[in-house]
>>> print(open('start-v9.csv').read())   # CSV, C-alpha atoms
chain,number,residue,atom,x,y,z
P,1,MET,CA,11.2,-12.7,2.8
P,2,PRO,CA,14.9,-12.6,2.0
P,3,GLU,CA,16.6,-9.6,3.9
P,4,LEU,CA,20.2,-8.5,4.1
P,5,PRO,CA,21.4,-11.6,5.9
P,6,ASP,CA,19.7,-14.0,3.5
P,7,VAL,CA,21.1,-12.1,0.5
P,8,GLU,CA,24.6,-12.1,2.1
P,9,GLU,CA,24.3,-15.9,2.3
P,10,PHE,CA,23.3,-16.0,-1.5
P,11,ARG,CA,26.4,-13.9,-2.1
P,12,ARG,CA,28.5,-16.5,-0.4
P,13,VAL,CA,26.9,-19.2,-2.5
P,14,LEU,CA,27.6,-17.3,-5.7
P,15,ALA,CA,31.2,-16.5,-4.6
P,16,SER,CA,32.0,-20.1,-3.8
P,17,CYS,CA,30.2,-21.6,-6.8
P,18,ALA,CA,30.9,-19.1,-9.7
P,19,THR,CA,33.8,-16.8,-9.1
P,20,GLY,CA,36.3,-17.3,-11.9
P,21,ARG,CA,34.0,-19.7,-13.7
P,22,ARG,CA,32.9,-19.4,-17.3
P,23,ILE,CA,29.2,-19.5,-18.2
P,24,GLU,CA,28.7,-22.4,-20.7
P,25,ARG,CA,24.9,-22.3,-21.1
P,26,VAL,CA,22.0,-20.0,-20.1
P,27,GLU,CA,18.6,-21.6,-19.8
P,28,VAL,CA,15.5,-19.5,-19.2
P,29,ALA,CA,12.6,-21.7,-18.1
P,30,ASP,CA,10.4,-18.7,-17.3
P,31,ALA,CA,11.1,-15.3,-18.8
P,32,GLY,CA,8.6,-13.8,-16.3
P,33,VAL,CA,11.5,-13.2,-13.9
P,34,LEU,CA,13.5,-11.2,-16.4
P,35,ARG,CA,13.4,-7.4,-16.0
P,36,GLY,CA,14.3,-5.2,-19.0
P,37,VAL,CA,16.1,-8.0,-20.9
P,38,THR,CA,14.8,-10.8,-23.1
P,39,ALA,CA,15.8,-14.4,-22.7
P,40,ARG,CA,17.6,-14.3,-26.1
P,41,ARG,CA,19.7,-11.3,-25.2
P,42,LEU,CA,20.5,-12.7,-21.8
P,43,ARG,CA,21.8,-15.9,-23.5
P,44,GLN,CA,23.7,-14.0,-26.1
P,45,ARG,CA,25.4,-11.6,-23.7
P,46,LEU,CA,26.2,-14.0,-20.9
P,47,THR,CA,27.3,-17.2,-22.6
P,48,GLY,CA,31.1,-17.4,-22.6
P,49,ARG,CA,31.5,-14.7,-19.9
P,50,THR,CA,33.4,-15.3,-16.7
P,51,PHE,CA,32.1,-14.4,-13.3
P,52,ALA,CA,34.1,-12.0,-11.1
P,53,ALA,CA,33.7,-11.8,-7.3
P,54,PRO,CA,30.1,-10.9,-6.5
P,55,ARG,CA,29.0,-8.1,-4.2
P,56,ARG,CA,25.8,-7.2,-2.3
P,57,HIS,CA,24.1,-3.9,-1.7
P,58,GLY,CA,21.1,-4.0,0.6
P,59,LYS,CA,18.8,-6.7,-0.8
P,60,TRP,CA,20.4,-6.7,-4.2
P,61,LEU,CA,23.0,-9.3,-5.3
P,62,LEU,CA,25.4,-8.2,-8.1
P,63,ALA,CA,27.1,-10.8,-10.2
P,64,PRO,CA,29.7,-9.0,-12.4
P,65,THR,CA,31.5,-10.6,-15.3
P,66,GLU,CA,34.4,-9.1,-17.3
P,67,GLY,CA,31.6,-7.3,-19.3
P,68,PRO,CA,28.0,-7.1,-18.1
P,69,THR,CA,26.6,-7.5,-14.6
P,70,VAL,CA,23.6,-9.6,-13.6
P,71,LEU,CA,21.6,-8.2,-10.7
P,72,PHE,CA,19.4,-10.5,-8.6
P,73,HIS,CA,16.5,-9.4,-6.3
P,74,PHE,CA,14.8,-12.1,-4.4
P,75,GLY,CA,11.4,-10.6,-3.5
P,76,MET,CA,9.5,-12.7,-1.0
P,77,THR,CA,10.4,-16.3,-2.2
P,78,GLY,CA,13.6,-16.0,-4.3
P,79,ASN,CA,16.6,-18.3,-3.7
P,80,LEU,CA,19.9,-19.0,-5.3
P,81,ARG,CA,21.4,-22.5,-5.4
P,82,CYS,CA,24.6,-24.0,-6.6
P,83,ASP,CA,23.7,-27.6,-7.7
P,84,PRO,CA,26.0,-30.4,-9.0
P,85,ALA,CA,25.8,-31.3,-12.6
P,86,ASP,CA,23.5,-34.3,-12.1
P,87,ALA,CA,20.9,-32.5,-9.9
P,88,SER,CA,17.4,-32.4,-11.2
P,89,ALA,CA,15.7,-29.0,-11.7
P,90,ALA,CA,12.9,-28.0,-9.3
P,91,PRO,CA,9.5,-26.8,-10.4
P,92,HIS,CA,10.3,-23.1,-9.6
P,93,ASP,CA,13.8,-22.9,-11.1
P,94,ARG,CA,13.3,-20.0,-13.4
P,95,VAL,CA,16.9,-19.4,-14.8
P,96,THR,CA,19.8,-21.8,-14.8
P,97,LEU,CA,23.4,-20.9,-15.6
P,98,THR,CA,25.6,-23.9,-16.3
P,99,LEU,CA,29.3,-23.3,-15.4
P,100,ASP,CA,32.4,-24.7,-17.0
P,101,ASP,CA,32.9,-27.2,-14.2
P,102,GLY,CA,29.4,-28.6,-14.8
P,103,ARG,CA,27.7,-27.1,-11.7
P,104,ARG,CA,24.5,-25.2,-12.2
P,105,LEU,CA,23.6,-21.9,-10.7
P,106,ARG,CA,19.8,-21.8,-10.3
P,107,TYR,CA,17.6,-18.8,-9.6
P,108,ARG,CA,14.5,-20.3,-7.9
P,109,ASP,CA,11.4,-18.2,-7.2
P,110,GLN,CA,7.9,-19.4,-6.6
P,111,ARG,CA,6.0,-16.0,-6.7
P,112,LYS,CA,8.2,-14.1,-9.1
P,113,LEU,CA,7.7,-10.8,-7.4
P,114,ARG,CA,11.1,-9.5,-8.3
P,115,GLY,CA,13.7,-11.2,-10.5
P,116,ILE,CA,16.8,-10.7,-12.6
P,117,TRP,CA,18.1,-7.5,-14.2
P,118,PHE,CA,20.9,-7.1,-16.8
P,119,ALA,CA,23.3,-4.2,-16.7
P,120,ALA,CA,25.6,-3.8,-19.8
P,121,THR,CA,27.9,-1.3,-18.1
P,122,ALA,CA,28.9,-0.1,-14.7
P,123,ALA,CA,26.9,3.1,-15.4
P,124,ASP,CA,23.8,1.0,-15.8
P,125,VAL,CA,24.4,-0.7,-12.4
P,126,ASP,CA,24.7,2.7,-10.8
P,127,ARG,CA,21.5,3.9,-12.5
P,128,MET,CA,19.6,0.8,-11.3
P,129,LEU,CA,20.8,1.3,-7.7
P,130,ALA,CA,20.4,5.1,-7.7
P,131,ASP,CA,17.4,5.0,-5.3
P,132,GLN,CA,19.1,2.8,-2.7
P,133,GLY,CA,20.4,4.3,0.5
P,134,PRO,CA,23.6,3.2,2.2
P,135,ASP,CA,24.0,-0.5,2.9
P,136,ALA,CA,22.9,-1.3,6.5
P,137,LEU,CA,26.0,-3.5,7.1
P,138,ALA,CA,28.4,-0.8,5.9
P,139,LEU,CA,27.2,1.9,8.2
P,140,ALA,CA,29.7,3.2,10.7
P,141,PRO,CA,28.6,3.6,14.4
P,142,GLY,CA,26.3,6.7,14.6
P,143,GLU,CA,25.4,6.9,10.9
P,144,LEU,CA,22.0,5.3,11.3
P,145,ALA,CA,21.2,7.6,14.2
P,146,GLU,CA,21.9,10.6,12.0
P,147,LEU,CA,19.8,9.2,9.2
P,148,LEU,CA,16.8,8.7,11.6
P,149,ALA,CA,17.1,12.2,13.0
P,150,ALA,CA,16.0,13.6,9.6
P,151,GLN,CA,13.0,11.2,9.3
P,152,ARG,CA,9.5,12.5,10.2
P,153,ARG,CA,7.9,9.1,9.5
P,154,ARG,CA,7.4,6.3,12.0
P,155,VAL,CA,10.7,4.8,12.9
P,156,LYS,CA,9.8,1.3,11.6
P,157,ALA,CA,8.8,2.9,8.2
P,158,ALA,CA,12.1,4.7,8.1
P,159,LEU,CA,14.0,1.5,8.7
P,160,LEU,CA,12.1,-0.3,6.0
P,161,ASP,CA,12.6,2.4,3.4
P,162,GLN,CA,15.4,1.2,1.2
P,163,SER,CA,16.2,4.7,0.1
P,164,THR,CA,17.0,5.6,3.8
P,165,VAL,CA,19.0,2.5,4.5
P,166,ALA,CA,19.3,-0.6,2.3
P,167,GLY,CA,18.9,-4.2,3.4
P,168,LEU,CA,16.5,-4.1,6.4
P,169,GLY,CA,13.2,-5.9,6.2
P,170,ASN,CA,10.3,-6.7,8.5
P,171,LEU,CA,12.0,-9.2,10.7
P,172,LEU,CA,15.1,-7.2,11.1
P,173,ALA,CA,13.2,-3.9,11.8
P,174,ASP,CA,11.1,-5.6,14.6
P,175,GLU,CA,14.2,-7.2,16.1
P,176,ILE,CA,16.2,-4.0,16.1
P,177,LEU,CA,13.5,-2.0,17.7
P,178,TRP,CA,12.8,-4.6,20.3
P,179,HIS,CA,16.5,-4.7,21.2
P,180,ALA,CA,16.5,-0.9,21.3
P,181,ARG,CA,13.3,-0.8,23.5
P,182,VAL,CA,11.8,1.7,21.0
P,183,HIS,CA,8.1,1.5,19.9
P,184,PRO,CA,7.8,0.9,16.2
P,185,ALA,CA,5.1,3.5,15.7
P,186,ARG,CA,7.1,6.4,17.2
P,187,ARG,CA,8.1,9.1,14.7
P,188,ALA,CA,11.9,8.9,14.2
P,189,VAL,CA,12.3,12.6,14.5
P,190,ASP,CA,10.6,12.5,17.9
P,191,LEU,CA,13.0,10.0,19.4
P,192,THR,CA,15.5,11.3,21.9
P,193,ASP,CA,19.2,11.3,20.9
P,194,ASP,CA,19.7,8.3,23.3
P,195,GLU,CA,16.9,6.4,21.7
P,196,ARG,CA,18.3,6.9,18.2
P,197,ARG,CA,21.7,5.8,19.5
P,198,ARG,CA,20.1,2.7,20.9
P,199,VAL,CA,18.5,1.9,17.5
P,200,ASP,CA,21.9,2.4,15.9
P,201,SER,CA,23.6,0.1,18.3
P,202,ALA,CA,20.9,-2.5,18.1
P,203,ALA,CA,21.1,-2.6,14.3
P,204,ARG,CA,24.7,-3.4,14.4
P,205,HIS,CA,24.2,-6.0,17.2
P,206,VAL,CA,21.3,-7.8,15.3
P,207,LEU,CA,23.2,-7.8,12.0
P,208,ARG,CA,26.3,-9.3,13.6
P,209,GLY,CA,24.1,-12.1,14.9
P,210,ALA,CA,22.1,-12.6,11.7
P,211,VAL,CA,24.6,-12.3,8.9
P,212,PRO,CA,26.7,-15.4,9.9
P,213,ALA,CA,23.5,-17.4,10.2
P,214,GLY,CA,22.3,-16.3,6.7
P,215,HIS,CA,18.9,-15.3,8.1
P,216,VAL,CA,17.3,-13.6,11.1
P,217,PRO,CA,17.8,-16.4,13.7
P,218,ALA,CA,15.2,-17.5,16.1
P,219,LYS,CA,17.5,-17.3,19.1
P,220,PRO,CA,15.7,-18.0,22.4
P,221,SER,CA,16.6,-14.5,23.6
P,222,TRP,CA,15.5,-12.8,20.5
P,223,LEU,CA,12.0,-11.5,19.5
P,224,THR,CA,12.0,-13.5,16.3
P,225,ALA,CA,11.9,-16.8,18.2
P,226,ARG,CA,8.4,-15.8,19.5
P,227,ARG,CA,6.8,-14.6,16.3
P,228,ASP,CA,4.9,-17.7,15.4
P,229,ALA,CA,3.8,-18.7,18.9
P,230,PRO,CA,0.0,-18.9,19.5
P,231,ALA,CA,0.3,-16.5,22.5
P,232,PRO,CA,3.8,-15.0,22.3
P,233,HIS,CA,5.5,-13.5,25.4
P,234,CYS,CA,8.4,-11.2,25.5
P,235,PRO,CA,11.7,-13.1,25.9
P,236,ARG,CA,13.1,-10.3,28.1
P,237,CYS,CA,10.2,-9.5,30.5
P,238,ASP,CA,7.6,-12.2,29.7
P,239,THR,CA,4.9,-9.6,29.0
P,240,PRO,CA,2.4,-10.8,26.3
P,241,LEU,CA,3.5,-9.4,23.0
P,242,ARG,CA,1.2,-7.4,20.7
P,243,HIS,CA,0.6,-7.5,17.0
P,244,SER,CA,-0.3,-4.4,15.0
P,245,ARG,CA,0.1,-2.9,11.5
P,246,VAL,CA,2.9,-0.4,11.2
P,247,ALA,CA,4.1,0.9,7.8
P,248,GLY,CA,1.7,-1.6,6.2
P,249,ARG,CA,3.5,-4.6,7.8
P,250,THR,CA,2.6,-7.0,10.5
P,251,THR,CA,4.5,-5.8,13.5
P,252,LEU,CA,5.4,-7.6,16.8
P,253,TRP,CA,6.3,-5.5,19.9
P,254,CYS,CA,6.3,-5.6,23.7
P,255,PRO,CA,4.1,-3.0,25.4
P,256,ALA,CA,6.3,-3.1,28.5
P,257,CYS,CA,9.7,-2.9,26.9
P,258,GLN,CA,8.6,-0.6,24.0
P,259,PRO,CA,6.2,1.9,25.5
P,260,GLU,CA,4.4,4.3,23.2
>>> encode(input="start-v9.csv", output="structure tokens")
Amino acid sequence: MPELPDVEEFRRVLASCATGRRIERVEVADAGVLRGVTARRLRQRLTGRTFAAPRRHGKWLLAPTEGPTVLFHFGMTGNLRCDPADASAAPHDRVTLTLDDGRRLRYRDQRKLRGIWFAATAADVDRMLADQGPDALALAPGELAELLAAQRRRVKAALLDQSTVAGLGNLLADEILWHARVHPARRAVDLTDDERRRVDSAARHVLRGAVPAGHVPAKPSWLTARRDAPAPHCPRCDTPLRHSRVAGRTTLWCPACQPE
């Protein structure tokens, strides 16, 4: 599932492909990914507009023009591609924007769990993102620890809640808590000050490693590298890892490094 690092990579794709480019044509192959806007209105309002520099908030990618803004959310299987003019469409290309240099910006999504929103004004953008917490990558040292201190839920549930902090998903949450040596089912409010500081520090460390890669990397020294192993062992202490359900998500953790 695309998380903050993946969406940051999509932001880089959009910035390099479309900033300063005029939209010549809007093709909607599947209106099922459009949220609150019809294909006809999207074509009418975007054709002839010029993209400004994009930005990201959590898992949302914002593509402003000199007028309206397009908001992308990638759900579980979404992707954003910048293809040359002669590239063929793929089966799951839902919306294609042809730019004035001939390149094609394609929103590709197999399962269509999220999609594309249209905001006519800056106020509409603010309204659409009103339920989002601060962006995880923008937090200053200590801010995440303060946010967790007020949460009575399990710490993993708090990290996954986009209204608490925006951008973290299942892989990032597990990786952060493993680095911090904190059990994912502990209540955030019950953590010691030192444990919350460790989660805060681990979040910044993991994001620094994941954002340049454009995904949560399977580094040999990271938990993510062991997720798909038949009998995974902790990369730190070699203890057999355990799977459980926390906050409704499959969770991987080390019983030795992350005691309950």
>>> residues_around(input="start-v9.csv", residues="Asp161 (chain P)", least_positions_apart="3", cutoff="12 Å", atoms="all atoms listed in the file", output="list in words")
Gly58, Lys59, Asp131, Gln132, Gly133, Pro134, Asp135, Ala136, Leu147, Leu148, Gln151, Arg153, Arg154, Val155, Lys156, Ala157, Ala158, Thr164, Val165, Ala166, Gly167, Leu168, Gly169, Asn170, Ala173, Ala247 and Gly248 of chain P
>>> write_last_selection(input="start-v9.csv", atoms="C-alpha atoms", output="compact mmCIF listing (two decimals), in the frame of the given file")
# COMPACT_ATOMS: atom_id res chain seq x y z
CA GLY P 58 21.10 -4.00 0.60
CA LYS P 59 18.80 -6.70 -0.80
CA ASP P 131 17.40 5.00 -5.30
CA GLN P 132 19.10 2.80 -2.70
CA GLY P 133 20.40 4.30 0.50
CA PRO P 134 23.60 3.20 2.20
CA ASP P 135 24.00 -0.50 2.90
CA ALA P 136 22.90 -1.30 6.50
CA LEU P 147 19.80 9.20 9.20
CA LEU P 148 16.80 8.70 11.60
CA GLN P 151 13.00 11.20 9.30
CA ARG P 153 7.90 9.10 9.50
CA ARG P 154 7.40 6.30 12.00
CA VAL P 155 10.70 4.80 12.90
CA LYS P 156 9.80 1.30 11.60
CA ALA P 157 8.80 2.90 8.20
CA ALA P 158 12.10 4.70 8.10
CA THR P 164 17.00 5.60 3.80
CA VAL P 165 19.00 2.50 4.50
CA ALA P 166 19.30 -0.60 2.30
CA GLY P 167 18.90 -4.20 3.40
CA LEU P 168 16.50 -4.10 6.40
CA GLY P 169 13.20 -5.90 6.20
CA ASN P 170 10.30 -6.70 8.50
CA ALA P 173 13.20 -3.90 11.80
CA ALA P 247 4.10 0.90 7.80
CA GLY P 248 1.70 -1.60 6.20
>>> residues_around(input="start-v9.csv", residues="region 5-12 of chain P", least_positions_apart="5", cutoff="7 Å", atoms="only C-alpha atoms", output="PDB file with C-alpha atoms, in the frame of the given file")
ATOM      1  CA  PRO P  54      30.100 -10.900  -6.500  1.00  0.00           C
ATOM      2  CA  ARG P  55      29.000  -8.100  -4.200  1.00  0.00           C
ATOM      3  CA  ARG P  56      25.800  -7.200  -2.300  1.00  0.00           C
ATOM      4  CA  LYS P  59      18.800  -6.700  -0.800  1.00  0.00           C
ATOM      5  CA  LEU P  61      23.000  -9.300  -5.300  1.00  0.00           C
ATOM      6  CA  LEU P  80      19.900 -19.000  -5.300  1.00  0.00           C
ATOM      7  CA  ALA P 210      22.100 -12.600  11.700  1.00  0.00           C
ATOM      8  CA  VAL P 211      24.600 -12.300   8.900  1.00  0.00           C
ATOM      9  CA  GLY P 214      22.300 -16.300   6.700  1.00  0.00           C
ATOM     10  CA  HIS P 215      18.900 -15.300   8.100  1.00  0.00           C
ATOM     11  CA  VAL P 216      17.300 -13.600  11.100  1.00  0.00           C
TER      12      VAL P 216
END
>>> atom_distance(input="start-v9.csv", atom1="CA of Thr121 (chain P)", atom2="CA of His73 (chain P)")
18.3 Å
>>> closest_residue(input="start-v9.csv", among="P:Asp228, P:Glu66, P:Asp200, P:Glu24", to="Ala120 (chain P)", atoms="all atoms listed in the file")
P:Glu66
>>> atom_distance(input="start-v9.csv", atom1="CA of Cys254 (chain P)", atom2="CA of Leu144 (chain P)")
22.8 Å
>>> residues_near_point(input="start-v9.csv", point="(15.9, -12.4, -14.9)", cutoff="7 Å", atoms="all atoms listed in the file", output="MDAnalysis selection string")
chainID P and resid 31 33:35 115:117
>>> residues_around(input="start-v9.csv", residues="Arg198 (chain P)", least_positions_apart="5", cutoff="10 Å", atoms="only C-alpha atoms", output="PDB file with C-alpha atoms, keeping the file's coordinate frame")
ATOM      1  CA  GLY P 142      26.300   6.700  14.600  1.00  0.00           C
ATOM      2  CA  ALA P 145      21.200   7.600  14.200  1.00  0.00           C
ATOM      3  CA  ILE P 176      16.200  -4.000  16.100  1.00  0.00           C
ATOM      4  CA  LEU P 177      13.500  -2.000  17.700  1.00  0.00           C
ATOM      5  CA  HIS P 179      16.500  -4.700  21.200  1.00  0.00           C
ATOM      6  CA  ALA P 180      16.500  -0.900  21.300  1.00  0.00           C
ATOM      7  CA  ARG P 181      13.300  -0.800  23.500  1.00  0.00           C
ATOM      8  CA  VAL P 182      11.800   1.700  21.000  1.00  0.00           C
ATOM      9  CA  THR P 192      15.500  11.300  21.900  1.00  0.00           C
ATOM     10  CA  ASP P 193      19.200  11.300  20.900  1.00  0.00           C
ATOM     11  CA  ALA P 203      21.100  -2.600  14.300  1.00  0.00           C
TER      12      ALA P 203
END
>>> residues_around(input="start-v9.csv", residues="Arg94 (chain P)", least_positions_apart="2", cutoff="8 Å", atoms="only C-alpha atoms", output="MDAnalysis selection string")
chainID P and resid 28:31 33 92 96 106:109
>>> atom_distance(input="start-v9.csv", atom1="CA of Ser221 (chain P)", atom2="CA of Arg242 (chain P)")
17.2 Å
>>> residues_around(input="start-v9.csv", residues="Arg22 (chain P)", least_positions_apart="2", cutoff="7 Å", atoms="all atoms listed in the file", output="PyMOL selection string")
chain P and resi 20+24+48-51+99-100
>>> decode(input="start-v9.csv", residues="region 95-143 of chain P", atoms="C-alpha atoms", output="PDB file, in the first residue's frame")
ATOM      1  CA  VAL P  95      -7.149   8.884 -16.033  1.00  0.00           C
ATOM      2  CA  THR P  96      -4.567  10.270 -18.468  1.00  0.00           C
ATOM      3  CA  LEU P  97      -3.500  13.908 -18.736  1.00  0.00           C
ATOM      4  CA  THR P  98      -1.622  14.759 -21.938  1.00  0.00           C
ATOM      5  CA  LEU P  99       0.815  17.657 -21.456  1.00  0.00           C
ATOM      6  CA  ASP P 100       1.981  20.266 -23.926  1.00  0.00           C
ATOM      7  CA  ASP P 101       5.259  18.419 -24.548  1.00  0.00           C
ATOM      8  CA  GLY P 102       3.386  15.245 -25.481  1.00  0.00           C
ATOM      9  CA  ARG P 103       4.139  13.319 -22.311  1.00  0.00           C
ATOM     10  CA  ARG P 104       1.262  11.622 -20.542  1.00  0.00           C
ATOM     11  CA  LEU P 105       0.604  11.702 -16.830  1.00  0.00           C
ATOM     12  CA  ARG P 106      -1.282   8.527 -15.968  1.00  0.00           C
ATOM     13  CA  TYR P 107      -3.190   7.655 -12.797  1.00  0.00           C
ATOM     14  CA  ARG P 108      -3.086   3.854 -12.649  1.00  0.00           C
ATOM     15  CA  ASP P 109      -5.044   1.856 -10.065  1.00  0.00           C
ATOM     16  CA  GLN P 110      -6.161  -1.747 -10.146  1.00  0.00           C
ATOM     17  CA  ARG P 111      -8.566  -1.855  -7.181  1.00  0.00           C
ATOM     18  CA  LYS P 112      -9.903   1.730  -7.270  1.00  0.00           C
ATOM     19  CA  LEU P 113     -10.219   2.012  -3.493  1.00  0.00           C
ATOM     20  CA  ARG P 114      -9.461   5.740  -3.487  1.00  0.00           C
ATOM     21  CA  GLY P 115      -8.977   7.980  -6.516  1.00  0.00           C
ATOM     22  CA  ILE P 116      -8.951  11.592  -7.708  1.00  0.00           C
ATOM     23  CA  TRP P 117     -10.625  14.599  -6.111  1.00  0.00           C
ATOM     24  CA  PHE P 118     -11.123  18.054  -7.630  1.00  0.00           C
ATOM     25  CA  ALA P 119     -10.896  21.260  -5.595  1.00  0.00           C
ATOM     26  CA  ALA P 120     -12.018  24.470  -7.278  1.00  0.00           C
ATOM     27  CA  THR P 121     -10.477  26.740  -4.625  1.00  0.00           C
ATOM     28  CA  ALA P 122      -7.865  26.723  -1.877  1.00  0.00           C
ATOM     29  CA  ALA P 123     -10.711  26.691   0.638  1.00  0.00           C
ATOM     30  CA  ASP P 124     -11.957  23.443  -0.928  1.00  0.00           C
ATOM     31  CA  VAL P 125      -8.492  21.921  -0.498  1.00  0.00           C
ATOM     32  CA  ASP P 126      -8.454  22.914   3.175  1.00  0.00           C
ATOM     33  CA  ARG P 127     -11.901  21.400   3.663  1.00  0.00           C
ATOM     34  CA  MET P 128     -10.888  18.109   2.041  1.00  0.00           C
ATOM     35  CA  LEU P 129      -7.809  17.809   4.270  1.00  0.00           C
ATOM     36  CA  ALA P 130      -9.468  19.086   7.448  1.00  0.00           C
ATOM     37  CA  ASP P 131      -9.426  15.652   9.097  1.00  0.00           C
ATOM     38  CA  GLN P 132      -5.705  15.134   8.523  1.00  0.00           C
ATOM     39  CA  GLY P 133      -3.171  15.451  11.320  1.00  0.00           C
ATOM     40  CA  PRO P 134       0.267  16.997  10.820  1.00  0.00           C
ATOM     41  CA  ASP P 135       2.421  15.467   8.116  1.00  0.00           C
ATOM     42  CA  ALA P 136       4.776  12.879   9.630  1.00  0.00           C
ATOM     43  CA  LEU P 137       7.766  14.163   7.683  1.00  0.00           C
ATOM     44  CA  ALA P 138       7.184  17.745   8.855  1.00  0.00           C
ATOM     45  CA  LEU P 139       7.134  16.970  12.581  1.00  0.00           C
ATOM     46  CA  ALA P 140       9.892  18.544  14.663  1.00  0.00           C
ATOM     47  CA  PRO P 141      11.784  16.375  17.170  1.00  0.00           C
ATOM     48  CA  GLY P 142       9.546  15.693  20.145  1.00  0.00           C
ATOM     49  CA  GLU P 143       6.230  16.502  18.441  1.00  0.00           C
TER      50      GLU P 143
END
